[in-house]
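Asks: Handing you a structure now.
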Amino acid sequence: MKALDLFCGAGGLALGAKLAGVEVVQAVEKDVHAATTYSFNFPDVSMFLGSVEDYSEINLHVKPDLIFGGPPCQGYSTSNQRTRTKSNPSNWLFKEFIRIVSLVEPRWVVMENVKGLIETENKFFIESIANGFRSIGYDIVFSLLNAVDFGIPQNRSRLFIVGNRSGQRFEFPVKQIGEHVTVGEAIDDLPELPNGASIDRLPYRHNIPSDYARHLRANMASCANNFVTRNAGHIIDRYKHVPPGGNWENIPSALMQNYKDRSQCHTGIYHRLRNDTPSVVIGNFRKNMLIHPIQDRGLSVREAARIQSFPDWFEFKGSIGFQQQQVGNAVPPLLSKAIFDHIISYS
């Protein structure tokens with residue numbers, strides 16, 4: 001099965017597709033940093049570097065059986081209330097997705113987004129997307145899936161919209177049975193790092209990884225992207241007061257005087273992860289400021305990538321800020337794989 005990847009980002013959806021046996025023939029992305037990461041990890045995929053609005057079927061050399069992608073999701077996020085409106089131009093980019101699908105007419109379509117899309121503007125956008133696909137001949141279903149239910153050490157719910165032109169009613173994959181993978185199982189074997197770590201590639205801390213870590217390590221002897229944001233001393237002092245599972249509420253008021261109203265802080269600020277449970281959502285590094293379970297520092301890019309289920313051979317490119325953004329925006333590859341595995345079973 002051949003595929004076209006729209007709004008491809010760094011390649012979380014594409015990696016899941018590849019692991020399921022899908023051949024991605026072309027990708028479309030306008031962010032040069034994300035596109036650089038994508039092309040580094042998928043050198044055989046033709047990259048259209050530019051806006052989806054400028055893309056048409058004439059750019060395709062092979063007709064795909066599947067078109068997938070994740071239009072920008074920030075405007076639908078519950079953490080961005082001011083942009084969750086019809087007036088945000090980015091919230092209408094799904095129309096470009098539907099436009100390209102109508103031109104190419106693949107057998108299958110998969111669109112991914114945040115769960116906030118369902119509630120935004122009283123369900124206006126989710127209904128517009130579903131009706132748009134149905135108007136061009138696709139039987140559409142959608143569902144929320146939590147990454148933690150598919151072997152990923154993170155509570156991360158994502159919306160998947162799946163459709164086909166063959167009259168087949170798609171049924172979403174069921175939850176995996178078994179215990180959830182924990183943060184400790186995901187990152188315990190990774191290098192011990194200082195605040196502001198800046199050495200890209202380092203050897204593993206030990207050679208007794210969990211089954212999850214062993215799977216992502218494969219045969220690698222070292223891993224890249226061991227970068228950590230350099231926090232100021234007063235930030236590190238705050239970290240020291242936060243226990244596993246705690247957050248800003250555990251920090252003495254004397255250390256939080258730059259906050260005009262601490263009650264406005266959300267629970268994700270200064271949240272220290274716990275080794276014995278799955279992680280909260282890996283998102284915006286600067287906004288959430290997640291703390292390592294044991295060390296008084298933020299997460300490294302590789303630690304966040306592990307929690308997202310990226311294998312260690314997958315390398316992120318650009319400055320640390322761009323790498324963090326790519327990881328936080330990505331679809332967990334193993335969650336993506338579950339969707340594409342299921343689609344292939346219908347073929």
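Going by the structure tokens order, chains are called A, B, ..., each with residues numbered from 1, while ligands are numbered from 1 in the order shown.
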Show me a table, sorted first by chain and then by increasing residue number, of the residues of range 248-323 of chain A having an atom at most 9 Å from range 18-38 of chain A, each with its shortest atom pair and the distance in Å to one decimal, counting only C-alpha atoms and written as a Markdown table.

Replies:
| residue | atom | partner | partner_atom | distance |
| --- | --- | --- | --- | --- |
| A:Phe314 | CA | A:Thr37 | CA | 8.8 |
| A:Glu315 | CA | A:Thr37 | CA | 7.0 |
| A:Phe316 | CA | A:Thr37 | CA | 5.3 |
| A:Lys317 | CA | A:Thr37 | CA | 5.0 |
| A:Gly318 | CA | A:His33 | CA | 5.9 |
| A:Ser319 | CA | A:His33 | CA | 8.8 |
| A:Phe322 | CA | A:His33 | CA | 6.8 |
| A:Gln323 | CA | A:Ala34 | CA | 8.3 |

Asks: Let's have the selection written as an mmCIF file, in the first residue's frame, with all heavy atoms.

Replies:
data_model
loop_
_atom_site.group_PDB
_atom_site.id
_atom_site.type_symbol
_atom_site.label_atom_id
_atom_site.label_comp_id
_atom_site.auth_asym_id
_atom_site.auth_seq_id
_atom_site.Cartn_x
_atom_site.Cartn_y
_atom_site.Cartn_z
ATOM 1 N N PHE A 314 15.798 6.888 15.340
ATOM 2 C CA PHE A 314 15.133 8.062 14.777
ATOM 3 C C PHE A 314 15.743 9.306 15.403
ATOM 4 O O PHE A 314 15.656 9.505 16.615
ATOM 5 C CB PHE A 314 13.635 7.996 15.062
ATOM 6 C CG PHE A 314 12.816 8.995 14.271
ATOM 7 C CD1 PHE A 314 12.094 8.595 13.171
ATOM 8 C CD2 PHE A 314 12.761 10.329 14.656
ATOM 9 C CE1 PHE A 314 11.329 9.503 12.446
ATOM 10 C CE2 PHE A 314 12.015 11.247 13.942
ATOM 11 C CZ PHE A 314 11.292 10.834 12.831
ATOM 12 N N GLU A 315 16.366 10.150 14.595
ATOM 13 C CA GLU A 315 17.058 11.334 15.106
ATOM 14 C C GLU A 315 16.324 12.614 14.726
ATOM 15 O O GLU A 315 15.865 12.780 13.599
ATOM 16 C CB GLU A 315 18.489 11.379 14.571
ATOM 17 C CG GLU A 315 19.365 10.229 15.058
ATOM 18 C CD GLU A 315 20.818 10.394 14.653
ATOM 19 O OE1 GLU A 315 21.256 11.559 14.476
ATOM 20 O OE2 GLU A 315 21.512 9.372 14.508
ATOM 21 N N PHE A 316 16.234 13.530 15.676
ATOM 22 C CA PHE A 316 15.602 14.829 15.454
ATOM 23 C C PHE A 316 16.673 15.861 15.118
ATOM 24 O O PHE A 316 17.766 15.847 15.680
ATOM 25 C CB PHE A 316 14.806 15.251 16.685
ATOM 26 C CG PHE A 316 13.650 14.330 16.973
ATOM 27 C CD1 PHE A 316 13.840 13.186 17.749
ATOM 28 C CD2 PHE A 316 12.403 14.575 16.443
ATOM 29 C CE1 PHE A 316 12.783 12.317 17.988
ATOM 30 C CE2 PHE A 316 11.344 13.711 16.679
ATOM 31 C CZ PHE A 316 11.536 12.574 17.455
ATOM 32 N N LYS A 317 16.345 16.757 14.196
ATOM 33 C CA LYS A 317 17.306 17.732 13.694
ATOM 34 C C LYS A 317 16.872 19.160 14.031
ATOM 35 O O LYS A 317 15.707 19.426 14.295
ATOM 36 C CB LYS A 317 17.462 17.574 12.182
ATOM 37 C CG LYS A 317 17.991 16.199 11.759
ATOM 38 C CD LYS A 317 19.355 15.911 12.359
ATOM 39 C CE LYS A 317 19.873 14.537 12.006
ATOM 40 N NZ LYS A 317 21.208 14.281 12.607
ATOM 41 N N GLY A 318 17.849 20.076 13.998
ATOM 42 C CA GLY A 318 17.591 21.468 14.335
ATOM 43 C C GLY A 318 18.091 21.795 15.721
ATOM 44 O O GLY A 318 18.653 20.954 16.421
ATOM 45 N N SER A 319 17.869 23.020 16.170
ATOM 46 C CA SER A 319 18.271 23.429 17.517
ATOM 47 C C SER A 319 17.414 22.706 18.535
ATOM 48 O O SER A 319 16.383 22.108 18.210
ATOM 49 C CB SER A 319 18.106 24.938 17.672
ATOM 50 O OG SER A 319 16.729 25.280 17.618
ATOM 51 N N PHE A 322 13.683 23.505 18.429
ATOM 52 C CA PHE A 322 12.954 22.897 17.317
ATOM 53 C C PHE A 322 12.789 21.396 17.531
ATOM 54 O O PHE A 322 11.750 20.822 17.197
ATOM 55 C CB PHE A 322 13.666 23.179 15.995
ATOM 56 C CG PHE A 322 13.569 24.614 15.550
ATOM 57 C CD1 PHE A 322 14.715 25.357 15.308
ATOM 58 C CD2 PHE A 322 12.328 25.216 15.377
ATOM 59 C CE1 PHE A 322 14.626 26.687 14.900
ATOM 60 C CE2 PHE A 322 12.234 26.548 14.970
ATOM 61 C CZ PHE A 322 13.385 27.278 14.735
ATOM 62 N N GLN A 323 13.793 20.749 18.098
ATOM 63 C CA GLN A 323 13.675 19.319 18.384
ATOM 64 C C GLN A 323 12.571 19.063 19.405
ATOM 65 O O GLN A 323 11.761 18.138 19.255
ATOM 66 C CB GLN A 323 15.011 18.772 18.896
ATOM 67 C CG GLN A 323 16.109 18.719 17.846
ATOM 68 C CD GLN A 323 17.398 18.107 18.382
ATOM 69 O OE1 GLN A 323 17.386 17.358 19.354
ATOM 70 N NE2 GLN A 323 18.512 18.423 17.749
#

Asks: Mind running range 167-224 of chain A against range 274-284 of chain A at 8 Å and telling me each contacting residue's nearest atom pair with the distance in Å (one decimal), counting only C-alpha atoms, chain and number ascending, as CSV?

Replies:
residue,atom,partner,partner_atom,distance
A:His180,CA,A:Pro278,CA,6.9
A:Val181,CA,A:Pro278,CA,6.2
A:Thr182,CA,A:Pro278,CA,4.4
A:Val183,CA,A:Asn275,CA,4.9
A:Gly184,CA,A:Asn275,CA,4.2
A:Glu185,CA,A:Asn275,CA,7.6

Asks: Might you pull out every residue within 7 Å of range 224-230 of chain A, with only C-alpha atoms counted and same-chain residues fewer than 4 positions away left off, and present them as a PDB file with N, CA, C and O atoms, in the first residue's frame?

Replies:
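Output file out-v2.pdb is given in full below:
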ATOM      1  N   ASN A 195      21.687  19.471  34.035  1.00  0.00           N
ATOM      2  CA  ASN A 195      20.922  20.604  33.535  1.00  0.00           C
ATOM      3  C   ASN A 195      21.691  21.243  32.374  1.00  0.00           C
ATOM      4  O   ASN A 195      22.893  21.496  32.478  1.00  0.00           O
ATOM      5  N   GLY A 196      21.028  21.474  31.261  1.00  0.00           N
ATOM      6  CA  GLY A 196      21.693  22.090  30.110  1.00  0.00           C
ATOM      7  C   GLY A 196      22.558  21.148  29.305  1.00  0.00           C
ATOM      8  O   GLY A 196      23.418  21.607  28.538  1.00  0.00           O
ATOM      9  N   ALA A 197      22.371  19.848  29.418  1.00  0.00           N
ATOM     10  CA  ALA A 197      23.184  18.875  28.668  1.00  0.00           C
ATOM     11  C   ALA A 197      23.188  19.218  27.183  1.00  0.00           C
ATOM     12  O   ALA A 197      22.145  19.505  26.596  1.00  0.00           O
ATOM     13  N   SER A 198      24.370  19.166  26.563  1.00  0.00           N
ATOM     14  CA  SER A 198      24.494  19.612  25.173  1.00  0.00           C
ATOM     15  C   SER A 198      25.281  18.656  24.285  1.00  0.00           C
ATOM     16  O   SER A 198      25.622  19.002  23.153  1.00  0.00           O
ATOM     17  N   ILE A 199      25.595  17.480  24.785  1.00  0.00           N
ATOM     18  CA  ILE A 199      26.294  16.487  23.960  1.00  0.00           C
ATOM     19  C   ILE A 199      25.242  15.621  23.275  1.00  0.00           C
ATOM     20  O   ILE A 199      24.406  15.003  23.944  1.00  0.00           O
ATOM     21  N   ASP A 200      25.282  15.586  21.964  1.00  0.00           N
ATOM     22  CA  ASP A 200      24.232  14.929  21.196  1.00  0.00           C
ATOM     23  C   ASP A 200      24.172  13.426  21.441  1.00  0.00           C
ATOM     24  O   ASP A 200      23.178  12.894  21.911  1.00  0.00           O
ATOM     25  N   ARG A 201      25.251  12.720  21.154  1.00  0.00           N
ATOM     26  CA  ARG A 201      25.235  11.248  21.199  1.00  0.00           C
ATOM     27  C   ARG A 201      26.035  10.741  22.401  1.00  0.00           C
ATOM     28  O   ARG A 201      27.180  11.146  22.613  1.00  0.00           O
ATOM     29  N   LEU A 202      25.418   9.840  23.163  1.00  0.00           N
ATOM     30  CA  LEU A 202      26.049   9.285  24.356  1.00  0.00           C
ATOM     31  C   LEU A 202      25.715   7.800  24.470  1.00  0.00           C
ATOM     32  O   LEU A 202      24.685   7.341  23.969  1.00  0.00           O
ATOM     33  N   GLY A 298      14.848  19.327  33.428  1.00  0.00           N
ATOM     34  CA  GLY A 298      13.790  18.982  32.495  1.00  0.00           C
ATOM     35  C   GLY A 298      14.129  17.698  31.746  1.00  0.00           C
ATOM     36  O   GLY A 298      15.232  17.149  31.874  1.00  0.00           O
ATOM     37  N   LEU A 299      13.184  17.219  30.952  1.00  0.00           N
ATOM     38  CA  LEU A 299      13.428  16.020  30.152  1.00  0.00           C
ATOM     39  C   LEU A 299      14.350  16.329  28.992  1.00  0.00           C
ATOM     40  O   LEU A 299      14.332  17.428  28.424  1.00  0.00           O
ATOM     41  N   SER A 300      15.152  15.357  28.624  1.00  0.00           N
ATOM     42  CA  SER A 300      15.940  15.486  27.407  1.00  0.00           C
ATOM     43  C   SER A 300      15.051  15.211  26.207  1.00  0.00           C
ATOM     44  O   SER A 300      13.962  14.633  26.326  1.00  0.00           O
ATOM     45  N   VAL A 301      15.506  15.613  25.038  1.00  0.00           N
ATOM     46  CA  VAL A 301      14.758  15.332  23.809  1.00  0.00           C
ATOM     47  C   VAL A 301      14.582  13.827  23.629  1.00  0.00           C
ATOM     48  O   VAL A 301      13.503  13.346  23.295  1.00  0.00           O
ATOM     49  N   ARG A 302      15.637  13.061  23.890  1.00  0.00           N
ATOM     50  CA  ARG A 302      15.553  11.601  23.712  1.00  0.00           C
ATOM     51  C   ARG A 302      14.609  10.969  24.729  1.00  0.00           C
ATOM     52  O   ARG A 302      13.862  10.042  24.384  1.00  0.00           O
ATOM     53  N   GLU A 315      16.366  10.150  14.595  1.00  0.00           N
ATOM     54  CA  GLU A 315      17.058  11.334  15.106  1.00  0.00           C
ATOM     55  C   GLU A 315      16.324  12.614  14.726  1.00  0.00           C
ATOM     56  O   GLU A 315      15.865  12.780  13.599  1.00  0.00           O
ATOM     57  N   PHE A 316      16.234  13.530  15.676  1.00  0.00           N
ATOM     58  CA  PHE A 316      15.602  14.829  15.454  1.00  0.00           C
ATOM     59  C   PHE A 316      16.673  15.861  15.118  1.00  0.00           C
ATOM     60  O   PHE A 316      17.766  15.847  15.680  1.00  0.00           O
ATOM     61  N   ILE A 320      17.810  22.763  19.810  1.00  0.00           N
ATOM     62  CA  ILE A 320      17.078  22.047  20.848  1.00  0.00           C
ATOM     63  C   ILE A 320      15.601  22.470  20.891  1.00  0.00           C
ATOM     64  O   ILE A 320      14.708  21.633  21.068  1.00  0.00           O
TER      65      ILE A 320
END

Asks: Might you pull out every residue within 8 Å of Arg107 in chain A, with only C-alpha atoms counted and same-chain residues fewer than 3 positions away left off, and present them as a count of residues only?

Replies: 5

Asks: Which of range 120-163 of chain A end up as strand (DSSP E) when DSSP is run on this backbone - answer as an mmCIF file with all heavy atoms, in the first residue's frame?

Replies:
data_model
loop_
_atom_site.group_PDB
_atom_site.id
_atom_site.type_symbol
_atom_site.label_atom_id
_atom_site.label_comp_id
_atom_site.auth_asym_id
_atom_site.auth_seq_id
_atom_site.Cartn_x
_atom_site.Cartn_y
_atom_site.Cartn_z
ATOM 1 N N ASP A 139 -16.830 6.804 3.351
ATOM 2 C CA ASP A 139 -17.532 6.379 4.563
ATOM 3 C C ASP A 139 -16.616 6.701 5.738
ATOM 4 O O ASP A 139 -15.509 6.147 5.842
ATOM 5 C CB ASP A 139 -17.815 4.875 4.487
ATOM 6 C CG ASP A 139 -18.579 4.374 5.698
ATOM 7 O OD1 ASP A 139 -19.286 5.178 6.323
ATOM 8 O OD2 ASP A 139 -18.450 3.182 6.031
ATOM 9 N N ILE A 140 -17.046 7.592 6.626
ATOM 10 C CA ILE A 140 -16.169 8.154 7.658
ATOM 11 C C ILE A 140 -16.593 7.714 9.060
ATOM 12 O O ILE A 140 -17.778 7.717 9.405
ATOM 13 C CB ILE A 140 -16.195 9.698 7.599
ATOM 14 C CG1 ILE A 140 -15.511 10.183 6.324
ATOM 15 C CG2 ILE A 140 -15.509 10.314 8.813
ATOM 16 C CD1 ILE A 140 -14.028 9.905 6.270
ATOM 17 N N VAL A 141 -15.606 7.337 9.855
ATOM 18 C CA VAL A 141 -15.807 7.094 11.283
ATOM 19 C C VAL A 141 -14.682 7.793 12.031
ATOM 20 O O VAL A 141 -13.613 8.044 11.470
ATOM 21 C CB VAL A 141 -15.808 5.586 11.625
ATOM 22 C CG1 VAL A 141 -17.031 4.898 11.060
ATOM 23 C CG2 VAL A 141 -14.529 4.907 11.135
ATOM 24 N N PHE A 142 -14.912 8.138 13.297
ATOM 25 C CA PHE A 142 -13.839 8.746 14.088
ATOM 26 C C PHE A 142 -13.921 8.268 15.521
ATOM 27 O O PHE A 142 -14.988 7.862 16.007
ATOM 28 C CB PHE A 142 -13.873 10.280 14.014
ATOM 29 C CG PHE A 142 -15.157 10.915 14.452
ATOM 30 C CD1 PHE A 142 -15.377 11.249 15.783
ATOM 31 C CD2 PHE A 142 -16.154 11.198 13.525
ATOM 32 C CE1 PHE A 142 -16.550 11.851 16.190
ATOM 33 C CE2 PHE A 142 -17.345 11.799 13.928
ATOM 34 C CZ PHE A 142 -17.540 12.129 15.257
ATOM 35 N N SER A 143 -12.766 8.307 16.196
ATOM 36 C CA SER A 143 -12.698 7.816 17.572
ATOM 37 C C SER A 143 -11.492 8.404 18.276
ATOM 38 O O SER A 143 -10.485 8.747 17.640
ATOM 39 C CB SER A 143 -12.600 6.289 17.579
ATOM 40 O OG SER A 143 -12.566 5.783 18.905
ATOM 41 N N LEU A 144 -11.600 8.515 19.599
ATOM 42 C CA LEU A 144 -10.465 8.908 20.427
ATOM 43 C C LEU A 144 -9.743 7.652 20.901
ATOM 44 O O LEU A 144 -10.375 6.715 21.400
ATOM 45 C CB LEU A 144 -10.930 9.707 21.646
ATOM 46 C CG LEU A 144 -11.420 11.130 21.411
ATOM 47 C CD1 LEU A 144 -11.988 11.698 22.707
ATOM 48 C CD2 LEU A 144 -10.289 12.015 20.905
ATOM 49 N N LEU A 145 -8.428 7.637 20.758
ATOM 50 C CA LEU A 145 -7.610 6.532 21.245
ATOM 51 C C LEU A 145 -6.573 7.085 22.204
ATOM 52 O O LEU A 145 -5.969 8.135 21.935
ATOM 53 C CB LEU A 145 -6.916 5.798 20.095
ATOM 54 C CG LEU A 145 -7.811 5.152 19.030
ATOM 55 C CD1 LEU A 145 -6.939 4.463 17.983
ATOM 56 C CD2 LEU A 145 -8.788 4.164 19.636
ATOM 57 N N ASN A 146 -6.356 6.395 23.317
ATOM 58 C CA ASN A 146 -5.345 6.808 24.293
ATOM 59 C C ASN A 146 -4.091 5.982 24.078
ATOM 60 O O ASN A 146 -4.130 4.744 24.092
ATOM 61 C CB ASN A 146 -5.866 6.622 25.719
ATOM 62 C CG ASN A 146 -4.976 7.297 26.747
ATOM 63 O OD1 ASN A 146 -3.790 7.535 26.518
ATOM 64 N ND2 ASN A 146 -5.538 7.611 27.902
ATOM 65 N N SER A 157 -4.456 11.209 24.564
ATOM 66 C CA SER A 157 -5.609 10.881 23.719
ATOM 67 C C SER A 157 -5.521 11.643 22.405
ATOM 68 O O SER A 157 -5.311 12.864 22.401
ATOM 69 C CB SER A 157 -6.917 11.234 24.432
ATOM 70 O OG SER A 157 -7.121 10.378 25.532
ATOM 71 N N ARG A 158 -5.709 10.918 21.302
ATOM 72 C CA ARG A 158 -5.682 11.530 19.983
ATOM 73 C C ARG A 158 -6.935 11.127 19.212
ATOM 74 O O ARG A 158 -7.450 10.028 19.363
ATOM 75 C CB ARG A 158 -4.439 11.092 19.189
ATOM 76 C CG ARG A 158 -3.127 11.343 19.889
ATOM 77 C CD ARG A 158 -2.857 12.803 20.157
ATOM 78 N NE ARG A 158 -2.568 13.576 18.961
ATOM 79 C CZ ARG A 158 -2.100 14.831 18.975
ATOM 80 N NH1 ARG A 158 -1.909 15.439 20.146
ATOM 81 N NH2 ARG A 158 -1.867 15.468 17.853
ATOM 82 N N LEU A 159 -7.405 12.040 18.391
ATOM 83 C CA LEU A 159 -8.571 11.792 17.554
ATOM 84 C C LEU A 159 -8.117 11.267 16.194
ATOM 85 O O LEU A 159 -7.256 11.861 15.544
ATOM 86 C CB LEU A 159 -9.355 13.094 17.359
ATOM 87 C CG LEU A 159 -10.508 13.053 16.362
ATOM 88 C CD1 LEU A 159 -11.629 12.161 16.881
ATOM 89 C CD2 LEU A 159 -11.027 14.458 16.079
ATOM 90 N N PHE A 160 -8.690 10.150 15.773
ATOM 91 C CA PHE A 160 -8.412 9.596 14.451
ATOM 92 C C PHE A 160 -9.708 9.546 13.646
ATOM 93 O O PHE A 160 -10.739 9.057 14.118
ATOM 94 C CB PHE A 160 -7.815 8.190 14.559
ATOM 95 C CG PHE A 160 -6.396 8.182 15.046
ATOM 96 C CD1 PHE A 160 -6.118 8.100 16.396
ATOM 97 C CD2 PHE A 160 -5.335 8.291 14.154
ATOM 98 C CE1 PHE A 160 -4.810 8.107 16.861
ATOM 99 C CE2 PHE A 160 -4.022 8.300 14.603
ATOM 100 C CZ PHE A 160 -3.758 8.202 15.961
ATOM 101 N N ILE A 161 -9.639 10.088 12.438
ATOM 102 C CA ILE A 161 -10.753 10.072 11.490
ATOM 103 C C ILE A 161 -10.325 9.180 10.338
ATOM 104 O O ILE A 161 -9.318 9.448 9.671
ATOM 105 C CB ILE A 161 -11.071 11.495 10.990
ATOM 106 C CG1 ILE A 161 -11.353 12.426 12.174
ATOM 107 C CG2 ILE A 161 -12.228 11.474 10.000
ATOM 108 C CD1 ILE A 161 -11.367 13.894 11.807
ATOM 109 N N VAL A 162 -11.058 8.116 10.098
ATOM 110 C CA VAL A 162 -10.681 7.123 9.088
ATOM 111 C C VAL A 162 -11.839 6.924 8.123
ATOM 112 O O VAL A 162 -13.006 6.839 8.541
ATOM 113 C CB VAL A 162 -10.309 5.771 9.732
ATOM 114 C CG1 VAL A 162 -9.908 4.750 8.666
ATOM 115 C CG2 VAL A 162 -9.178 5.954 10.749
ATOM 116 N N GLY A 163 -11.527 6.852 6.837
ATOM 117 C CA GLY A 163 -12.565 6.624 5.847
ATOM 118 C C GLY A 163 -12.052 5.879 4.639
ATOM 119 O O GLY A 163 -10.844 5.824 4.390
#

Asks: Measuring atom to atom with only C-alpha atoms, identify which of A:Ile307, A:Ile100, A:Leu13, A:Ile67 is nearest to Tyr55 in chain A.

Replies: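 Among the listed residues, A:Ile100 lies closest to Tyr55 in chain A.
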
Asks: Using the chain letters and numbers from this document, which residues of range 4-192 of chain A does DSSP assign to alpha helix (DSSP H), as an MDAnalysis selection string?

Replies: chainID A and resid 12:20 32:41 94:104 116:119 124:135 183:187
